[in-house]
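Novice: Please read through the structure below; I'll follow up with questions.
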Amino acid sequence: MSNNSGRTLILTHADTDGMCAGALALARFPEARVFFTKPVSLYPDLEGSEAERIIICDIAMNRKNAADLISLLKRKRAEITWFDHHPIPETTSLEELRRSAKRFVWSDRMCASELVYDYFRKELPAERAWLALYGAIGDFTEEGPAAQAIMRNWDKHEVYFEVCSMIMAIKMKRFDSYDAKRGIVSTLAHGSSPASISGLVESAAQAVAREIELYHQAREKAMLIGRIGYMKELPSFGFRGPAALFSATVTNSPVGMYMHRRKDIIDVTIRKRVPGLMLNRLAEFAAERVGGSGGGHPEAAGCRIPMGAENAFLEAANEWLRKEA
Ligand SMILES: [Mn+2]
């Protein structure tokens, strides 16, 4: 990160929920600068910042460096407010995090955008509630009571059109860079609609066409081990969630996975088509069995595992399914 001298810094996740949470924070602090980060890069980003106020949105606490991050939170002079909804790793606790950041706003029932909206709602225009809904739809929490209470005020179809245009468009090259995403965040913070962004709806339509093609590829290529359908190595970066889901759909399995090699590790994306399964637990269990790491949400999870461990990983995931589901 460069030029860290501004007063307010927003550090957020580059997915739909993170962008909407960041936009809500930016609507509250319009002079803030927005940077995208990830759990692994939060520490250096925080350490390098001289901002007086730092708002962290939608970034999970990393279990591996939790202790370092907590001591950094305590050391920083900045007023740090951290909004998150990812599971708290067992290497720390909610109480410890609440003692360490100035404010640690956490729930496992709302997405980050809903949390930020709820926190600043009195200082925001009423229509910024749309961003809470966009984030909820992006992160699959829109059926929760908080999102439903907001949704009743608005035209659902319009809300879905806007956010789904954005969700699909950021899968395409034109909108997947941090600069393009910063542009979207600023548009959202000002109250303009995602679909009004030049080229966004066209990119969304292209993404939809690619996704339909992906479904047809899944019908040909998806494999099955136990109760898990999976695919490997498609030219589909940005489409890993649907690749995992379609692998489950076409093999009539409860769980689907997509595996993608990056350097000497395998990135695994996991989705499900049955209610109730805690995919984050499955990911943790099966990845740790083969010396990798995993996590995420009950609805959508992911792992990194060593190359060559794919079959042992799938066996471990099936073992978890036999025990837990
Ligand atoms: Mn999120």
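Residues in the structure tokens are named by chain (A, B, ... in the order shown) and by number from 1 within that chain; ligands are numbered from 1 in the order shown.
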Which residues are close to range 138-154 of chain A, i.e. within 7 Å by only C-alpha atoms, leaving aside same-chain residues fewer than 2 positions away? Reply as a ChimeraX atom specification.
Specialist: /A:16-17,109-111,129,133-136,156,167
Novice: What's around Val201 in chain A at 12 Å? Count only C-alpha atoms, leave out sequence neighbours fewer than 3 positions away in its own chain, and write the answer as an MDAnalysis selection string.
Specialist: chainID A and resid 161:170 172 174:175 193:198 204:208
Novice: For the interface of range 8-111 of chain A with range 264-288 of chain A (cut-off 12 Å, counting only C-alpha atoms), please tabulate each contacting residue of range 8-111 of chain A alongside its nearest pair of atoms and their separation in Å to one decimal, rows sorted by chain and increasing number, as a tab-separated table.
Specialist:
residue	atom	partner	partner_atom	distance
A:Arg63	CA	A:Glu284	CA	11.4
A:His86	CA	A:Asn280	CA	9.9
A:Pro87	CA	A:Asn280	CA	8.7
A:Ile88	CA	A:Asn280	CA	11.7
A:Pro89	CA	A:Glu284	CA	10.8
A:Glu90	CA	A:Glu284	CA	12.0
Novice: From the list A:Arg182, A:Lys64, A:Lys102, A:Arg261, which residue is nearest Phe83 in chain A when using only C-alpha atoms?
Specialist: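 Of A:Arg182, A:Lys64, A:Lys102, A:Arg261, the one nearest Phe83 in chain A is A:Lys102, counting only C-alpha atoms.
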Novice: Can you tell me, as an NGL selection string, what residues are no more than 8 Å from Ile70 in chain A when counting only C-alpha atoms, ignoring any on the same chain fewer than 6 positions away?
Specialist: :A and (97 or 100-101)
Novice: Restricting it to N, CA and C atoms, dump the selection as a CSV table (one decimal), in the first residue's frame.
Specialist:
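Generated output (part05.csv):
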chain,number,residue,atom,x,y,z
A,97,LEU,N,-11.0,-10.5,21.0
A,97,LEU,CA,-11.1,-9.6,19.9
A,97,LEU,C,-11.7,-8.3,20.3
A,100,SER,N,-9.4,-6.1,22.0
A,100,SER,CA,-8.2,-5.7,21.3
A,100,SER,C,-8.5,-4.6,20.3
A,101,ALA,N,-9.5,-4.7,19.4
A,101,ALA,CA,-9.9,-3.6,18.5
A,101,ALA,C,-10.6,-2.6,19.3
Novice: What residues in range 203-274 of chain A get the DSSP label alpha helix (DSSP H)? Please answer as number ranges by chain.
Specialist: A: 203-221, 240-250
